[in-house]
Amino acid sequence: MNSEKTTDQQWKEKLTPEEYYVLRQKGTERPFSGKYNDFYEKGSYVCAACNSKIFESDNKFDGHCGWPSFDQAIKGSVEYVRDVTHGMVRTEVICANCKGHLGHVFEDGPKDTTGNRYCMNSVSMKFIPEEDAKK
């Protein structure tokens, strides 16, 4: 799918209702409910909407927040948008390719690496095991 020309109806047909809610309507999955929250296998994470590679498993850590956490994204894979919804000022993280909502980034991550905590929705991502990526 050419993400820039994909219509809302095409997204609804391609994505599950939960994926559509999070990726296209900027929703959030319930904390501790996502399949990647306590998941630490080797591999890569791609955008669930367009399959663009966004995170490596080596950058994943336990953020104790209920959502998968990473200390950095793959360079150029995401974009940042100021988010002032819900009475807060945050930085939204979106897929650079399809503009799908992935989550938010905060500056309370591991101080020994980047200091960032990319707090992502599991439903916004798909995991590609390391051995599958080599094929």
# chains A, B, ... in the order shown; residues from 1 in each chain; ligands from 1
>>> residues_around(residues="Ser52 of chain A", least_positions_apart="6", cutoff="10 Å", atoms="only C-alpha atoms", output="PDB file with N, CA and C atoms, in the first residue's frame")
ATOM      1  N   TYR A  45      11.295  -5.091  15.287  1.00  0.00           N
ATOM      2  CA  TYR A  45       9.888  -4.717  15.333  1.00  0.00           C
ATOM      3  C   TYR A  45       9.597  -3.835  14.135  1.00  0.00           C
ATOM      4  N   VAL A  46       8.485  -4.132  13.460  1.00  0.00           N
ATOM      5  CA  VAL A  46       8.068  -3.351  12.298  1.00  0.00           C
ATOM      6  C   VAL A  46       6.707  -2.736  12.571  1.00  0.00           C
ATOM      7  N   SER A  77      13.346   6.088  11.115  1.00  0.00           N
ATOM      8  CA  SER A  77      12.141   5.248  11.022  1.00  0.00           C
ATOM      9  C   SER A  77      10.900   5.873  11.637  1.00  0.00           C
ATOM     10  N   VAL A  78      11.092   6.865  12.509  1.00  0.00           N
ATOM     11  CA  VAL A  78       9.959   7.492  13.178  1.00  0.00           C
ATOM     12  C   VAL A  78      10.051   9.010  13.077  1.00  0.00           C
ATOM     13  N   CYS A  95       5.102   6.450  12.764  1.00  0.00           N
ATOM     14  CA  CYS A  95       5.888   5.796  11.724  1.00  0.00           C
ATOM     15  C   CYS A  95       6.215   6.823  10.643  1.00  0.00           C
ATOM     16  N   ALA A  96       7.487   6.926  10.274  1.00  0.00           N
ATOM     17  CA  ALA A  96       7.899   7.891   9.251  1.00  0.00           C
ATOM     18  C   ALA A  96       7.321   7.542   7.883  1.00  0.00           C
ATOM     19  N   ASN A  97       7.013   6.274   7.658  1.00  0.00           N
ATOM     20  CA  ASN A  97       6.505   5.853   6.354  1.00  0.00           C
ATOM     21  C   ASN A  97       4.997   6.086   6.208  1.00  0.00           C
ATOM     22  N   CYS A  98       4.193   5.530   7.115  1.00  0.00           N
ATOM     23  CA  CYS A  98       2.732   5.589   6.949  1.00  0.00           C
ATOM     24  C   CYS A  98       2.048   6.573   7.894  1.00  0.00           C
ATOM     25  N   MET A 125       2.818  -2.674  16.428  1.00  0.00           N
ATOM     26  CA  MET A 125       4.031  -3.313  15.929  1.00  0.00           C
ATOM     27  C   MET A 125       3.812  -4.796  15.658  1.00  0.00           C
ATOM     28  N   LYS A 126       4.708  -5.336  14.840  1.00  0.00           N
ATOM     29  CA  LYS A 126       4.808  -6.777  14.632  1.00  0.00           C
ATOM     30  C   LYS A 126       6.261  -7.151  14.866  1.00  0.00           C
TER      31      LYS A 126
END
>>> select_by_dssp(residues="segment 47-128 of chain A", states="strand (DSSP E or B)", output="ChimeraX atom specification")
/A:47,53-56,60-61,69-70,78-83,90-95,101-106,117-120,125-128
>>> write_last_selection(atoms="N, CA and C atoms", output="compact mmCIF listing (two decimals), in the first residue's frame")
# COMPACT_ATOMS: atom_id res chain seq x y z
N CYS A 47 6.39 -1.69 11.85
CA CYS A 47 5.08 -1.05 11.96
C CYS A 47 4.02 -2.05 11.50
N LYS A 53 10.57 -1.18 9.29
CA LYS A 53 11.35 -1.53 10.48
C LYS A 53 11.49 -0.29 11.37
N ILE A 54 11.15 -0.43 12.68
CA ILE A 54 11.18 0.73 13.56
C ILE A 54 12.05 0.57 14.81
N PHE A 55 12.16 -0.67 15.34
CA PHE A 55 12.97 -0.90 16.54
C PHE A 55 13.72 -2.22 16.44
N GLU A 56 14.85 -2.29 17.13
CA GLU A 56 15.62 -3.53 17.28
C GLU A 56 15.42 -4.02 18.71
N LYS A 60 15.33 -2.76 23.54
CA LYS A 60 14.14 -2.93 24.37
C LYS A 60 14.55 -3.14 25.82
N PHE A 61 13.77 -2.58 26.73
CA PHE A 61 14.03 -2.74 28.16
C PHE A 61 12.71 -2.73 28.91
N SER A 69 8.91 -0.90 25.94
CA SER A 69 9.77 0.28 26.01
C SER A 69 11.09 0.04 25.30
N PHE A 70 11.55 1.05 24.60
CA PHE A 70 12.81 1.02 23.87
C PHE A 70 13.57 2.30 24.20
N VAL A 78 11.09 6.87 12.51
CA VAL A 78 9.96 7.49 13.18
C VAL A 78 10.05 9.01 13.08
N GLU A 79 8.91 9.64 13.30
CA GLU A 79 8.85 11.10 13.36
C GLU A 79 8.22 11.48 14.69
N TYR A 80 8.43 12.72 15.09
CA TYR A 80 7.99 13.20 16.39
C TYR A 80 6.99 14.35 16.21
N VAL A 81 5.89 14.28 16.97
CA VAL A 81 4.82 15.28 16.86
C VAL A 81 4.47 15.75 18.27
N ARG A 82 4.37 17.05 18.45
CA ARG A 82 3.96 17.59 19.75
C ARG A 82 2.51 17.20 20.00
N ASP A 83 2.24 16.65 21.17
CA ASP A 83 0.90 16.16 21.53
C ASP A 83 0.46 16.88 22.80
N ARG A 90 3.21 16.13 25.51
CA ARG A 90 4.03 14.94 25.28
C ARG A 90 4.56 14.98 23.85
N THR A 91 5.43 14.02 23.56
CA THR A 91 5.95 13.87 22.20
C THR A 91 5.44 12.55 21.65
N GLU A 92 4.57 12.64 20.65
CA GLU A 92 4.03 11.46 19.98
C GLU A 92 5.08 10.91 19.02
N VAL A 93 5.11 9.59 18.89
CA VAL A 93 6.01 8.92 17.95
C VAL A 93 5.13 8.29 16.88
N ILE A 94 5.39 8.63 15.61
CA ILE A 94 4.64 8.06 14.50
C ILE A 94 5.60 7.40 13.51
N CYS A 95 5.10 6.45 12.76
CA CYS A 95 5.89 5.80 11.72
C CYS A 95 6.21 6.82 10.64
N HIS A 101 0.24 6.01 14.35
CA HIS A 101 0.57 6.29 15.76
C HIS A 101 1.19 5.05 16.40
N LEU A 102 2.38 5.22 16.98
CA LEU A 102 3.07 4.12 17.64
C LEU A 102 3.03 4.24 19.16
N GLY A 103 3.13 5.46 19.66
CA GLY A 103 3.14 5.70 21.10
C GLY A 103 3.73 7.07 21.38
N HIS A 104 4.46 7.18 22.51
CA HIS A 104 5.08 8.44 22.92
C HIS A 104 6.50 8.18 23.40
N VAL A 105 7.32 9.21 23.39
CA VAL A 105 8.68 9.11 23.92
C VAL A 105 8.80 10.07 25.10
N PHE A 106 9.46 9.57 26.16
CA PHE A 106 9.67 10.34 27.38
C PHE A 106 11.16 10.35 27.72
N ARG A 117 12.71 6.86 26.80
CA ARG A 117 11.82 5.70 26.92
C ARG A 117 10.73 5.84 25.86
N TYR A 118 10.91 5.09 24.79
CA TYR A 118 9.88 5.03 23.75
C TYR A 118 8.82 4.06 24.27
N CYS A 119 7.69 4.58 24.65
CA CYS A 119 6.60 3.81 25.24
C CYS A 119 5.61 3.50 24.10
N MET A 120 5.65 2.27 23.60
CA MET A 120 4.95 1.91 22.38
C MET A 120 3.74 1.00 22.64
N MET A 125 2.82 -2.67 16.43
CA MET A 125 4.03 -3.31 15.93
C MET A 125 3.81 -4.80 15.66
N LYS A 126 4.71 -5.34 14.84
CA LYS A 126 4.81 -6.78 14.63
C LYS A 126 6.26 -7.15 14.87
N PHE A 127 6.48 -8.32 15.45
CA PHE A 127 7.83 -8.78 15.75
C PHE A 127 8.31 -9.73 14.67
N ILE A 128 9.54 -9.52 14.21
CA ILE A 128 10.18 -10.40 13.23
C ILE A 128 11.36 -11.06 13.95
>>> atom_distance(atom1="atom CA of Gly109 of chain A", atom2="atom CA of Glu18 of chain A")
27.2 Å
>>> closest_residue(among="A:Thr7, A:Lys14, A:Asp71, A:Tyr40", to="Lys111 of chain A", atoms="only C-alpha atoms")
A:Asp71
>>> closest_residue(among="A:Gly76, A:Gly100, A:Gly43, A:Gly87", to="Trp11 of chain A", atoms="only C-alpha atoms")
A:Gly100
>>> atom_distance(atom1="atom CA of Thr114 of chain A", atom2="atom CA of Gln72 of chain A")
7.0 Å
>>> residues_around(residues="Tyr20 of chain A", least_positions_apart="3", cutoff="10 Å", atoms="only C-alpha atoms", output="VMD selection string")
chain A and resid 8 11 to 17 23 to 27 48 to 49 100 to 101 123 to 124
>>> write_last_selection(atoms="all heavy atoms", output="tab-separated table (two decimals), in the first residue's frame")
chain	number	residue	atom	x	y	z
A	8	ASP	N	-8.91	6.13	4.20
A	8	ASP	CA	-9.36	5.67	5.51
A	8	ASP	C	-10.06	4.31	5.38
A	8	ASP	O	-9.84	3.42	6.20
A	8	ASP	CB	-10.30	6.71	6.12
A	8	ASP	CG	-10.56	6.47	7.57
A	8	ASP	OD1	-9.59	6.31	8.34
A	8	ASP	OD2	-11.74	6.41	7.95
A	11	TRP	N	-7.50	1.57	5.02
A	11	TRP	CA	-6.89	1.24	6.31
A	11	TRP	C	-7.83	0.36	7.13
A	11	TRP	O	-7.40	-0.60	7.76
A	11	TRP	CB	-6.54	2.50	7.09
A	11	TRP	CG	-5.29	3.20	6.63
A	11	TRP	CD1	-5.19	4.51	6.23
A	11	TRP	CD2	-3.97	2.67	6.53
A	11	TRP	NE1	-3.89	4.79	5.88
A	11	TRP	CE2	-3.12	3.68	6.06
A	11	TRP	CE3	-3.41	1.41	6.78
A	11	TRP	CZ2	-1.76	3.49	5.84
A	11	TRP	CZ3	-2.05	1.22	6.58
A	11	TRP	CH2	-1.25	2.26	6.11
A	12	LYS	N	-9.12	0.69	7.12
A	12	LYS	CA	-10.10	-0.11	7.88
A	12	LYS	C	-10.15	-1.55	7.38
A	12	LYS	O	-10.35	-2.47	8.16
A	12	LYS	CB	-11.49	0.52	7.78
A	12	LYS	CG	-11.65	1.74	8.66
A	12	LYS	CD	-13.06	2.31	8.55
A	12	LYS	CE	-13.20	3.53	9.43
A	12	LYS	NZ	-14.52	4.15	9.33
A	13	GLU	N	-9.98	-1.74	6.08
A	13	GLU	CA	-10.00	-3.08	5.50
A	13	GLU	C	-8.70	-3.84	5.78
A	13	GLU	O	-8.72	-5.05	5.94
A	13	GLU	CB	-10.24	-2.99	3.99
A	13	GLU	CG	-11.64	-2.52	3.65
A	13	GLU	CD	-11.82	-2.16	2.18
A	13	GLU	OE1	-10.90	-2.40	1.37
A	13	GLU	OE2	-12.89	-1.62	1.85
A	14	LYS	N	-7.58	-3.14	5.85
A	14	LYS	CA	-6.27	-3.77	6.05
A	14	LYS	C	-6.01	-4.12	7.52
A	14	LYS	O	-5.43	-5.15	7.82
A	14	LYS	CB	-5.17	-2.83	5.54
A	14	LYS	CG	-3.76	-3.35	5.79
A	14	LYS	CD	-2.72	-2.36	5.31
A	14	LYS	CE	-1.29	-2.70	5.60
A	14	LYS	NZ	-0.88	-4.02	5.82
A	15	LEU	N	-6.42	-3.25	8.43
A	15	LEU	CA	-6.10	-3.39	9.84
A	15	LEU	C	-7.23	-4.02	10.64
A	15	LEU	O	-8.40	-3.89	10.25
A	15	LEU	CB	-5.77	-2.01	10.43
A	15	LEU	CG	-4.64	-1.22	9.76
A	15	LEU	CD1	-4.58	0.20	10.30
A	15	LEU	CD2	-3.31	-1.93	9.95
A	16	THR	N	-6.89	-4.64	11.77
A	16	THR	CA	-7.93	-5.11	12.69
A	16	THR	C	-8.56	-3.87	13.32
A	16	THR	O	-7.96	-2.77	13.30
A	16	THR	CB	-7.34	-6.00	13.80
A	16	THR	OG1	-6.52	-5.18	14.65
A	16	THR	CG2	-6.55	-7.17	13.23
A	17	PRO	N	-9.74	-4.00	13.92
A	17	PRO	CA	-10.34	-2.84	14.58
A	17	PRO	C	-9.42	-2.22	15.65
A	17	PRO	O	-9.32	-0.99	15.74
A	17	PRO	CB	-11.62	-3.40	15.21
A	17	PRO	CG	-11.99	-4.52	14.29
A	17	PRO	CD	-10.67	-5.14	13.88
A	23	LEU	N	-3.41	2.85	15.54
A	23	LEU	CA	-2.55	3.39	14.48
A	23	LEU	C	-3.14	4.59	13.74
A	23	LEU	O	-2.43	5.53	13.42
A	23	LEU	CB	-2.21	2.30	13.47
A	23	LEU	CG	-1.18	1.28	13.93
A	23	LEU	CD1	-1.33	-0.02	13.16
A	23	LEU	CD2	0.22	1.84	13.77
A	24	ARG	N	-4.43	4.56	13.47
A	24	ARG	CA	-5.04	5.62	12.65
A	24	ARG	C	-5.81	6.65	13.47
A	24	ARG	O	-5.98	7.78	13.04
A	24	ARG	CB	-5.96	5.02	11.59
A	24	ARG	CG	-5.35	3.93	10.70
A	24	ARG	CD	-3.98	4.18	10.14
A	24	ARG	NE	-3.81	5.39	9.38
A	24	ARG	CZ	-2.63	5.85	8.97
A	24	ARG	NH1	-1.53	5.19	9.24
A	24	ARG	NH2	-2.55	6.96	8.30
A	25	GLN	N	-6.30	6.24	14.67
A	25	GLN	CA	-7.09	7.17	15.48
A	25	GLN	C	-6.34	7.61	16.74
A	25	GLN	O	-6.92	8.22	17.62
A	25	GLN	CB	-8.43	6.54	15.85
A	25	GLN	CG	-9.30	6.27	14.63
A	25	GLN	CD	-10.64	5.69	15.02
A	25	GLN	OE1	-10.74	4.74	15.79
A	25	GLN	NE2	-11.70	6.29	14.49
A	26	LYS	N	-5.07	7.24	16.84
A	26	LYS	CA	-4.20	7.63	17.95
A	26	LYS	C	-4.69	7.13	19.30
A	26	LYS	O	-4.56	7.79	20.33
A	26	LYS	CB	-3.99	9.15	17.98
A	26	LYS	CG	-3.39	9.68	16.69
A	26	LYS	CD	-3.16	11.17	16.76
A	26	LYS	CE	-2.68	11.73	15.45
A	26	LYS	NZ	-1.41	11.25	14.99
A	27	GLY	N	-5.25	5.92	19.29
A	27	GLY	CA	-5.70	5.31	20.53
A	27	GLY	C	-4.54	4.71	21.30
A	27	GLY	O	-3.38	4.78	20.89
A	48	ALA	N	2.97	-2.20	12.29
A	48	ALA	CA	1.90	-3.15	11.96
A	48	ALA	C	1.09	-2.71	10.74
A	48	ALA	O	0.44	-3.53	10.10
A	48	ALA	CB	0.97	-3.34	13.16
A	49	ALA	N	1.16	-1.44	10.39
A	49	ALA	CA	0.40	-0.96	9.24
A	49	ALA	C	1.15	-1.11	7.92
A	49	ALA	O	0.57	-1.50	6.92
A	49	ALA	CB	0.01	0.50	9.44
A	100	GLY	N	1.46	6.25	10.99
A	100	GLY	CA	0.67	5.57	12.01
A	100	GLY	C	1.17	5.89	13.41
A	100	GLY	O	2.37	6.01	13.65
A	101	HIS	N	0.24	6.01	14.35
A	101	HIS	CA	0.57	6.29	15.76
A	101	HIS	C	1.19	5.05	16.40
A	101	HIS	O	0.60	3.97	16.37
A	101	HIS	CB	-0.70	6.69	16.51
A	101	HIS	CG	-0.52	6.83	17.99
A	101	HIS	ND1	0.12	7.91	18.54
A	101	HIS	CD2	-0.88	6.03	19.02
A	101	HIS	CE1	0.13	7.76	19.86
A	101	HIS	NE2	-0.46	6.63	20.17
A	123	VAL	N	0.13	-3.31	19.76
A	123	VAL	CA	-0.73	-3.48	18.59
A	123	VAL	C	-0.23	-2.67	17.38
A	123	VAL	O	-0.56	-2.98	16.24
A	123	VAL	CB	-2.19	-3.14	18.94
A	123	VAL	CG1	-2.40	-1.65	19.10
A	123	VAL	CG2	-3.15	-3.72	17.92
A	124	SER	N	0.62	-1.69	17.62
A	124	SER	CA	1.18	-0.88	16.54
A	124	SER	C	2.37	-1.54	15.86
A	124	SER	O	2.88	-1.04	14.87
A	124	SER	CB	1.65	0.48	17.07
A	124	SER	OG	0.57	1.24	17.54
>>> select_by_dssp(residues="segment 3-96 of chain A", states="helix (DSSP H, G or I)", output="list in words")
Asp8, Gln9, Gln10, Trp11, Lys12, Glu13, Lys14, Pro17, Glu18, Glu19, Tyr20, Tyr21, Val22, Leu23, Ser57, Asp58, Asn59, Thr85, His86 and Gly87 of chain A
>>> write_last_selection(atoms="C-alpha atoms", output="mmCIF file, in the first residue's frame")
data_model
loop_
_atom_site.group_PDB
_atom_site.id
_atom_site.type_symbol
_atom_site.label_atom_id
_atom_site.label_comp_id
_atom_site.auth_asym_id
_atom_site.auth_seq_id
_atom_site.Cartn_x
_atom_site.Cartn_y
_atom_site.Cartn_z
ATOM 1 C CA ASP A 8 -9.363 5.667 5.509
ATOM 2 C CA GLN A 9 -11.562 2.871 4.135
ATOM 3 C CA GLN A 10 -8.501 0.973 2.852
ATOM 4 C CA TRP A 11 -6.891 1.241 6.309
ATOM 5 C CA LYS A 12 -10.098 -0.107 7.876
ATOM 6 C CA GLU A 13 -10.000 -3.080 5.500
ATOM 7 C CA LYS A 14 -6.275 -3.770 6.052
ATOM 8 C CA PRO A 17 -10.345 -2.838 14.583
ATOM 9 C CA GLU A 18 -7.814 -2.514 17.450
ATOM 10 C CA GLU A 19 -4.926 -1.763 15.062
ATOM 11 C CA TYR A 20 -7.062 0.843 13.291
ATOM 12 C CA TYR A 21 -8.031 2.473 16.605
ATOM 13 C CA VAL A 22 -4.422 2.800 17.756
ATOM 14 C CA LEU A 23 -2.549 3.390 14.483
ATOM 15 C CA SER A 57 15.194 -5.905 20.207
ATOM 16 C CA ASP A 58 18.622 -4.882 21.541
ATOM 17 C CA ASN A 59 17.096 -1.504 22.425
ATOM 18 C CA THR A 85 -4.107 16.113 24.341
ATOM 19 C CA HIS A 86 -5.450 14.926 27.705
ATOM 20 C CA GLY A 87 -4.125 17.989 29.530
#
>>> atom_distance(atom1="atom CA of Glu130 of chain A", atom2="atom CA of Glu41 of chain A")
8.3 Å
>>> closest_residue(among="A:Ile74, A:Gly115, A:Pro110, A:Asn121", to="Pro31 of chain A", atoms="only C-alpha atoms")
A:Asn121
>>> residues_around(residues="Arg30 of chain A", least_positions_apart="3", cutoff="9 Å", atoms="only C-alpha atoms", output="ChimeraX atom specification")
/A:33-34,66-67,121
